[in-house]
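Worksheet: one structure, shown below.
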Amino acid sequence: MAICYVARAKINLCLDILGRYANGYHEIATVMQSLALGDRIFLEAAAGLTLTVEGEPVPEGEANLVVRAARRLAEATGYRGGAVITLVKRIPVAAGLGGGSADAAATLVGLNELWGLGCDTAFLAALGAEIGADIPFCLTGGTALATGRGERIRHLPALPELGVLLLKPPYGISTGEAYRDYDLLAPKWEPVAAAMAAAFDRGAWREALGYCGNAFEAVAFRKHPELARLKQELKEAGALAALMSGSGPTLYGLFPSVEAASRAAQVFSGRDLRVIVTATTAAGLGRREESPLDAG
Ligand code: ATP
């Protein structure tokens with residue numbers, strides 16, 4: 001019997017790039033928000049480790065973050081067994097939605113359960129941070145301020161459920177390439193994450209959304225000017241806030257309800273865009289009673 005976890009996508013409500021560490025990593029401050037949209041990860045105990053991917057194409061072998069997380073967990077705990085893993089991929093790839101990190105986090109939590117390891121969240125977060133800076137956030141999800149490389153998490157009072165309209169152009173942006181472009185362009189940036197987090201702390205989420213801003217937009221919009229136009233269109237379609245997520249290229253609009261997001265989605269139909277309507281959620285990694293057949 002397989003166990004199933006939902007690995008949720010995230011958006012960045014704001015993202016500051018504050019500087020660069022001596023090791024080349026960038027120091028950031030970002031407020032991350034989980035979405036209902038998620039991949040499904042099915043895990044079953046086995047002698048060896050195998051991964052099958054359905055849906056969006058991603059590498060199936062050692063390059064997959066699911067396999068990397070599984071190997072790292074086995075190595076760190078001395079566990080000798082394996083697992084048959086099925087990843088049903090729904091989150092667009094290289095989109096700024098953190099899908100790979102969500103999958104790795106779900107793998108760590110799922111295998112911890114399947115293998116009966118008893119590791120606590122802090123241990124899994126430390127392992128996850130070695131693989132990707134967004135993984136500690138994905139372990140718990142909700143609404144959180146992430147600092148350092150993005151691996152230091154402080155949970156914030158949750159955003160209420162809002163409708164989310166995602167617009168994903170037909171190309172990806174690699175995070176490494178986005179940082180290189182950012183360093184070359186070195187745009188001026190006024191940090192917003194601390195002010196946004198303070199507004200969330202006061203329970204003033206509407207005010208918090210006034211601080212939406214993403215340092216990567218300047219570089220992405222320069223390379224892909226249509227992204228700036230889409231952002232403007234999201235605002236004109238009634239979004240409470242519209243922004244690029246992570247290093248892009250996905251743009252999102254936040255709407256008062258899922259119905260309002262669905263109505264706004266009609267404006268963008270028939271274009272060369274992937275249009276997804278989802279919602280913000282306070283739920284972190286979801287454990288599900290599902291079989292791979294249900295996930296479609
Ligand atoms: P972020 O917002 O954290 O920068 P992203 O949404 O831009 O992430 P991902 O979709 O997480 O990017 O994946 C980026 C790269 O990682 C892709 O090039 C992909 O081939 C590779 N990858 C490896 N494993 C996975 C996985 N399980 N899901 C998605 N991508 C994966």
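In the structure tokens, chains take letters A, B, ... by order of appearance, with residues numbered from 1 within each chain and ligands from 1 in the order shown.
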Using only C-alpha atoms, which residues of segment 45-115 of chain A come within 8 Å of segment 120-130 of chain A, and what is the closest atom pair for each, with the distance in Å to one decimal? Give it as a Markdown table, sorted by chain and residue number.
| residue | atom | partner | partner_atom | distance |
| --- | --- | --- | --- | --- |
| A:Ala69 | CA | A:Gly128 | CA | 7.2 |
| A:Arg72 | CA | A:Leu127 | CA | 7.4 |
| A:Leu73 | CA | A:Leu127 | CA | 7.4 |
| A:Ala104 | CA | A:Gly128 | CA | 7.5 |
| A:Ala105 | CA | A:Gly128 | CA | 6.8 |
| A:Leu108 | CA | A:Leu124 | CA | 6.6 |
| A:Val109 | CA | A:Leu124 | CA | 7.6 |
Take the residues from that selection and put them in a file with N, CA, C and O atoms, as an mmCIF file, in the first residue's frame.
data_model
loop_
_atom_site.group_PDB
_atom_site.id
_atom_site.type_symbol
_atom_site.label_atom_id
_atom_site.label_comp_id
_atom_site.auth_asym_id
_atom_site.auth_seq_id
_atom_site.Cartn_x
_atom_site.Cartn_y
_atom_site.Cartn_z
ATOM 1 N N ALA A 69 16.915 13.739 -2.682
ATOM 2 C CA ALA A 69 16.448 13.820 -1.294
ATOM 3 C C ALA A 69 16.423 12.430 -0.666
ATOM 4 O O ALA A 69 16.850 12.248 0.477
ATOM 5 N N ARG A 72 19.973 11.243 0.062
ATOM 6 C CA ARG A 72 20.596 12.004 1.164
ATOM 7 C C ARG A 72 20.031 11.556 2.509
ATOM 8 O O ARG A 72 20.760 11.443 3.492
ATOM 9 N N LEU A 73 18.696 11.292 2.552
ATOM 10 C CA LEU A 73 18.070 10.860 3.807
ATOM 11 C C LEU A 73 18.592 9.479 4.212
ATOM 12 O O LEU A 73 18.906 9.248 5.386
ATOM 13 N N ALA A 104 11.005 17.477 -3.216
ATOM 14 C CA ALA A 104 12.081 16.996 -2.338
ATOM 15 C C ALA A 104 11.607 17.000 -0.888
ATOM 16 O O ALA A 104 11.860 16.040 -0.138
ATOM 17 N N ALA A 105 10.893 18.054 -0.476
ATOM 18 C CA ALA A 105 10.398 18.135 0.905
ATOM 19 C C ALA A 105 9.406 17.000 1.175
ATOM 20 O O ALA A 105 9.468 16.339 2.220
ATOM 21 N N LEU A 108 11.253 13.758 1.680
ATOM 22 C CA LEU A 108 11.891 13.640 3.001
ATOM 23 C C LEU A 108 10.857 13.244 4.064
ATOM 24 O O LEU A 108 11.084 12.333 4.864
ATOM 25 N N VAL A 109 9.706 13.940 4.054
ATOM 26 C CA VAL A 109 8.678 13.653 5.064
ATOM 27 C C VAL A 109 8.064 12.266 4.834
ATOM 28 O O VAL A 109 7.869 11.492 5.772
#
Could you make a table, as a Markdown table, of the residues of chain A that have an atom within 9 Å of an atom of ligand 1, each with its nearest atom pair and distance in Å to one decimal, counting only C-alpha atoms and all ligand atoms, in chain and number order?
| residue | atom | partner | partner_atom_place_in_ligand_line | distance |
| --- | --- | --- | --- | --- |
| A:Ala9 | CA | ligand 1 | 6 (O) | 8.1 |
| A:Lys10 | CA | ligand 1 | 2 (O) | 7.7 |
| A:Ile11 | CA | ligand 1 | 2 (O) | 7.9 |
| A:Asn12 | CA | ligand 1 | 2 (O) | 8.5 |
| A:Asp39 | CA | ligand 1 | 28 (N) | 8.8 |
| A:Val53 | CA | ligand 1 | 27 (N) | 8.5 |
| A:Glu56 | CA | ligand 1 | 29 (C) | 8.4 |
| A:Pro57 | CA | ligand 1 | 20 (O) | 8.1 |
| A:Val58 | CA | ligand 1 | 20 (O) | 5.0 |
| A:Pro59 | CA | ligand 1 | 20 (O) | 5.8 |
| A:Glu60 | CA | ligand 1 | 24 (N) | 7.8 |
| A:Gly61 | CA | ligand 1 | 24 (N) | 8.9 |
| A:Glu62 | CA | ligand 1 | 23 (C) | 8.7 |
| A:Ala63 | CA | ligand 1 | 23 (C) | 5.7 |
| A:Asn64 | CA | ligand 1 | 24 (N) | 3.4 |
| A:Leu65 | CA | ligand 1 | 24 (N) | 4.0 |
| A:Val66 | CA | ligand 1 | 27 (N) | 5.5 |
| A:Val67 | CA | ligand 1 | 24 (N) | 8.1 |
| A:Arg68 | CA | ligand 1 | 24 (N) | 8.4 |
| A:Leu87 | CA | ligand 1 | 27 (N) | 7.6 |
| A:Lys89 | CA | ligand 1 | 28 (N) | 7.2 |
| A:Ile91 | CA | ligand 1 | 10 (O) | 7.2 |
| A:Pro92 | CA | ligand 1 | 10 (O) | 6.2 |
| A:Val93 | CA | ligand 1 | 10 (O) | 3.4 |
| A:Ala94 | CA | ligand 1 | 12 (O) | 3.5 |
| A:Ala95 | CA | ligand 1 | 6 (O) | 4.2 |
| A:Gly96 | CA | ligand 1 | 2 (O) | 3.4 |
| A:Leu97 | CA | ligand 1 | 6 (O) | 3.9 |
| A:Gly98 | CA | ligand 1 | 3 (O) | 3.6 |
| A:Gly99 | CA | ligand 1 | 11 (O) | 4.1 |
| A:Gly100 | CA | ligand 1 | 11 (O) | 3.3 |
| A:Ser101 | CA | ligand 1 | 11 (O) | 5.5 |
| A:Ala102 | CA | ligand 1 | 11 (O) | 7.6 |
| A:Asp103 | CA | ligand 1 | 27 (N) | 5.3 |
| A:Ala104 | CA | ligand 1 | 27 (N) | 6.8 |
| A:Gly132 | CA | ligand 1 | 3 (O) | 7.7 |
| A:Ala133 | CA | ligand 1 | 3 (O) | 7.8 |
| A:Asp134 | CA | ligand 1 | 3 (O) | 5.9 |
| A:Ile135 | CA | ligand 1 | 3 (O) | 8.4 |
| A:Gly172 | CA | ligand 1 | 7 (O) | 7.5 |
| A:Ile173 | CA | ligand 1 | 7 (O) | 6.5 |
| A:Ser174 | CA | ligand 1 | 7 (O) | 6.0 |
| A:Thr175 | CA | ligand 1 | 4 (O) | 5.0 |
| A:Gly176 | CA | ligand 1 | 4 (O) | 8.4 |
| A:Ser245 | CA | ligand 1 | 2 (O) | 7.2 |
| A:Gly246 | CA | ligand 1 | 2 (O) | 4.9 |
| A:Ser247 | CA | ligand 1 | 4 (O) | 6.0 |
| A:Gly248 | CA | ligand 1 | 7 (O) | 6.6 |
| A:Pro249 | CA | ligand 1 | 7 (O) | 8.1 |
| A:Thr250 | CA | ligand 1 | 6 (O) | 8.8 |
Using only C-alpha atoms for the distances, tell me which of A:Glu44, A:Asp16, A:Glu233, A:Glu75 is nearest to Ala193 of chain A. A:Asp16
Show which residues sit within 7 Å of Leu139 of chain A, as a CSV table (one decimal) with N, CA, C and O atoms, in the first residue's frame. Count only C-alpha atoms, and ignore same-chain residues fewer than 2 positions away.
chain,number,residue,atom,x,y,z
A,105,ALA,N,10.9,18.1,-0.5
A,105,ALA,CA,10.4,18.1,0.9
A,105,ALA,C,9.4,17.0,1.2
A,105,ALA,O,9.5,16.3,2.2
A,135,ILE,N,13.6,24.3,0.3
A,135,ILE,CA,13.1,23.0,0.9
A,135,ILE,C,12.6,23.2,2.3
A,135,ILE,O,11.5,22.7,2.6
A,136,PRO,N,13.4,23.9,3.2
A,136,PRO,CA,12.8,24.0,4.6
A,136,PRO,C,11.5,24.7,4.6
A,136,PRO,O,10.6,24.2,5.3
A,137,PHE,N,11.2,25.7,3.8
A,137,PHE,CA,9.9,26.3,3.7
A,137,PHE,C,8.8,25.2,3.3
A,137,PHE,O,7.8,25.1,3.9
A,141,GLY,N,5.3,24.9,5.0
A,141,GLY,CA,4.4,25.6,4.1
A,141,GLY,C,3.6,26.8,4.9
A,141,GLY,O,4.1,27.3,5.9
A,284,GLY,N,0.3,22.9,5.0
A,284,GLY,CA,1.6,22.6,4.5
A,284,GLY,C,1.5,21.3,3.6
A,284,GLY,O,0.6,21.1,2.9
A,285,LEU,N,2.5,20.4,3.8
A,285,LEU,CA,2.5,19.2,3.1
A,285,LEU,C,1.3,18.4,3.4
A,285,LEU,O,1.0,18.1,4.6
As a PyMOL selection string, please: all residues of segment 160-233 of chain A that backbone DSSP puts in alpha helix (DSSP H). chain A and resi 175-185+193-201+205-209+217-223+226-233
Next, write the just-selected residues to a file, as a short mmCIF file (atom, residue, chain, number, x, y, z; two decimals), in the first residue's frame, keeping C-alpha atoms as the atom set.
data_model
loop_
_atom_site.label_atom_id
_atom_site.label_comp_id
_atom_site.auth_asym_id
_atom_site.auth_seq_id
_atom_site.Cartn_x
_atom_site.Cartn_y
_atom_site.Cartn_z
CA THR A 175 17.22 30.28 -11.19
CA GLY A 176 20.99 30.25 -11.78
CA GLU A 177 20.59 32.17 -15.04
CA ALA A 178 18.28 34.68 -13.32
CA TYR A 179 20.88 35.39 -10.61
CA ARG A 180 23.61 35.81 -13.25
CA ASP A 181 21.45 38.29 -15.16
CA TYR A 182 20.65 40.11 -11.91
CA ASP A 183 24.35 40.48 -11.06
CA LEU A 184 25.11 41.82 -14.55
CA LEU A 185 22.26 44.33 -14.53
CA ALA A 193 10.15 41.92 2.91
CA ALA A 194 10.69 43.28 6.45
CA ALA A 195 7.79 45.75 6.05
CA MET A 196 5.55 43.03 4.58
CA ALA A 197 6.38 40.63 7.43
CA ALA A 198 5.69 43.36 10.03
CA ALA A 199 2.26 44.00 8.45
CA PHE A 200 1.48 40.25 8.56
CA ASP A 201 2.58 40.20 12.22
CA TRP A 205 -2.72 41.19 5.43
CA ARG A 206 -4.28 43.73 3.04
CA GLU A 207 -1.62 46.25 4.02
CA ALA A 208 1.01 43.47 3.66
CA LEU A 209 -0.03 42.96 0.04
CA GLU A 217 11.23 41.44 -12.19
CA ALA A 218 13.60 44.09 -13.54
CA VAL A 219 15.83 41.50 -15.20
CA ALA A 220 13.06 39.18 -16.39
CA PHE A 221 10.96 42.05 -17.79
CA ARG A 222 13.97 43.38 -19.70
CA LYS A 223 14.53 40.03 -21.38
CA GLU A 226 5.59 40.71 -22.55
CA LEU A 227 5.78 39.76 -18.84
CA ALA A 228 5.39 43.41 -17.82
CA ARG A 229 2.32 43.71 -20.07
CA LEU A 230 0.78 40.54 -18.56
CA LYS A 231 1.31 41.93 -15.07
CA GLN A 232 -0.51 45.10 -16.08
CA GLU A 233 -3.34 43.04 -17.56
#
Can you check which residues of segment 88-269 of chain A DSSP gives as strand (DSSP E) on the backbone and send them as a PyMOL selection string? chain A and resi 88-89+143-148+152-155+163-168+213-214+241-244+251-255
How far is it from atom CA of Thr30 of chain A to atom CA of Val192 of chain A, in Å with one decimal?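 Distance reported for this atom pair: 8.6 Å.
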Work out how far apart atom CA of Gly142 of chain A and atom CA of Ala2 of chain A are and give it in Å to one decimal.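 One can read the atom CA of Gly142 of chain A to atom CA of Ala2 of chain A distance as 25.7 Å.
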Mind checking which residues fall within 10 Å of Glu27 of chain A, counting only C-alpha atoms, ignoring those fewer than 2 positions away in the same chain, and posting them as a list in words?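 Contacts, in chain order: Asp16, Ile17, Leu18, Gly19, Arg20, Tyr21, Gly24, Tyr25, Ala29, Thr147, Gly148, Arg149 and Gly150 of chain A.
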Save out the residues we just selected, N, CA, C and O atoms, as a short mmCIF file (atom, residue, chain, number, x, y, z; two decimals), in the first residue's frame.
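Saved to out.cif:
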data_model
loop_
_atom_site.label_atom_id
_atom_site.label_comp_id
_atom_site.auth_asym_id
_atom_site.auth_seq_id
_atom_site.Cartn_x
_atom_site.Cartn_y
_atom_site.Cartn_z
N ASP A 16 13.33 40.15 -1.94
CA ASP A 16 14.46 41.09 -1.95
C ASP A 16 15.75 40.33 -2.21
O ASP A 16 15.96 39.26 -1.63
N ILE A 17 16.62 40.87 -3.05
CA ILE A 17 17.99 40.35 -3.14
C ILE A 17 18.86 41.37 -2.42
O ILE A 17 18.91 42.55 -2.80
N LEU A 18 19.50 40.93 -1.32
CA LEU A 18 20.15 41.89 -0.42
C LEU A 18 21.65 41.96 -0.62
O LEU A 18 22.29 42.92 -0.22
N GLY A 19 22.24 40.94 -1.21
CA GLY A 19 23.70 40.95 -1.40
C GLY A 19 24.17 39.57 -1.77
O GLY A 19 23.37 38.70 -2.10
N ARG A 20 25.49 39.41 -1.67
CA ARG A 20 26.08 38.15 -2.08
C ARG A 20 27.06 37.69 -1.01
O ARG A 20 27.86 38.48 -0.52
N TYR A 21 26.98 36.41 -0.62
CA TYR A 21 27.93 35.86 0.35
C TYR A 21 29.25 35.54 -0.37
O TYR A 21 29.29 35.41 -1.59
N GLY A 24 29.37 32.84 -2.94
CA GLY A 24 28.69 33.03 -4.22
C GLY A 24 27.16 33.02 -4.11
O GLY A 24 26.48 33.51 -4.99
N TYR A 25 26.63 32.46 -3.01
CA TYR A 25 25.17 32.46 -2.83
C TYR A 25 24.69 33.88 -2.58
O TYR A 25 25.42 34.70 -2.02
N ALA A 29 15.62 37.99 1.12
CA ALA A 29 14.54 38.01 2.12
C ALA A 29 13.27 37.92 1.30
O ALA A 29 13.07 38.70 0.35
N THR A 147 14.77 33.99 5.09
CA THR A 147 15.96 34.85 4.98
C THR A 147 17.20 33.97 4.80
O THR A 147 17.10 32.76 4.68
N GLY A 148 18.35 34.63 4.79
CA GLY A 148 19.60 33.90 4.50
C GLY A 148 19.61 33.61 3.01
O GLY A 148 19.37 34.49 2.19
N ARG A 149 19.85 32.33 2.65
CA ARG A 149 19.70 31.92 1.24
C ARG A 149 18.24 31.63 0.93
O ARG A 149 17.91 31.22 -0.18
N GLY A 150 17.39 31.78 1.94
CA GLY A 150 15.97 31.43 1.81
C GLY A 150 15.65 30.24 2.70
O GLY A 150 14.52 29.77 2.74
#
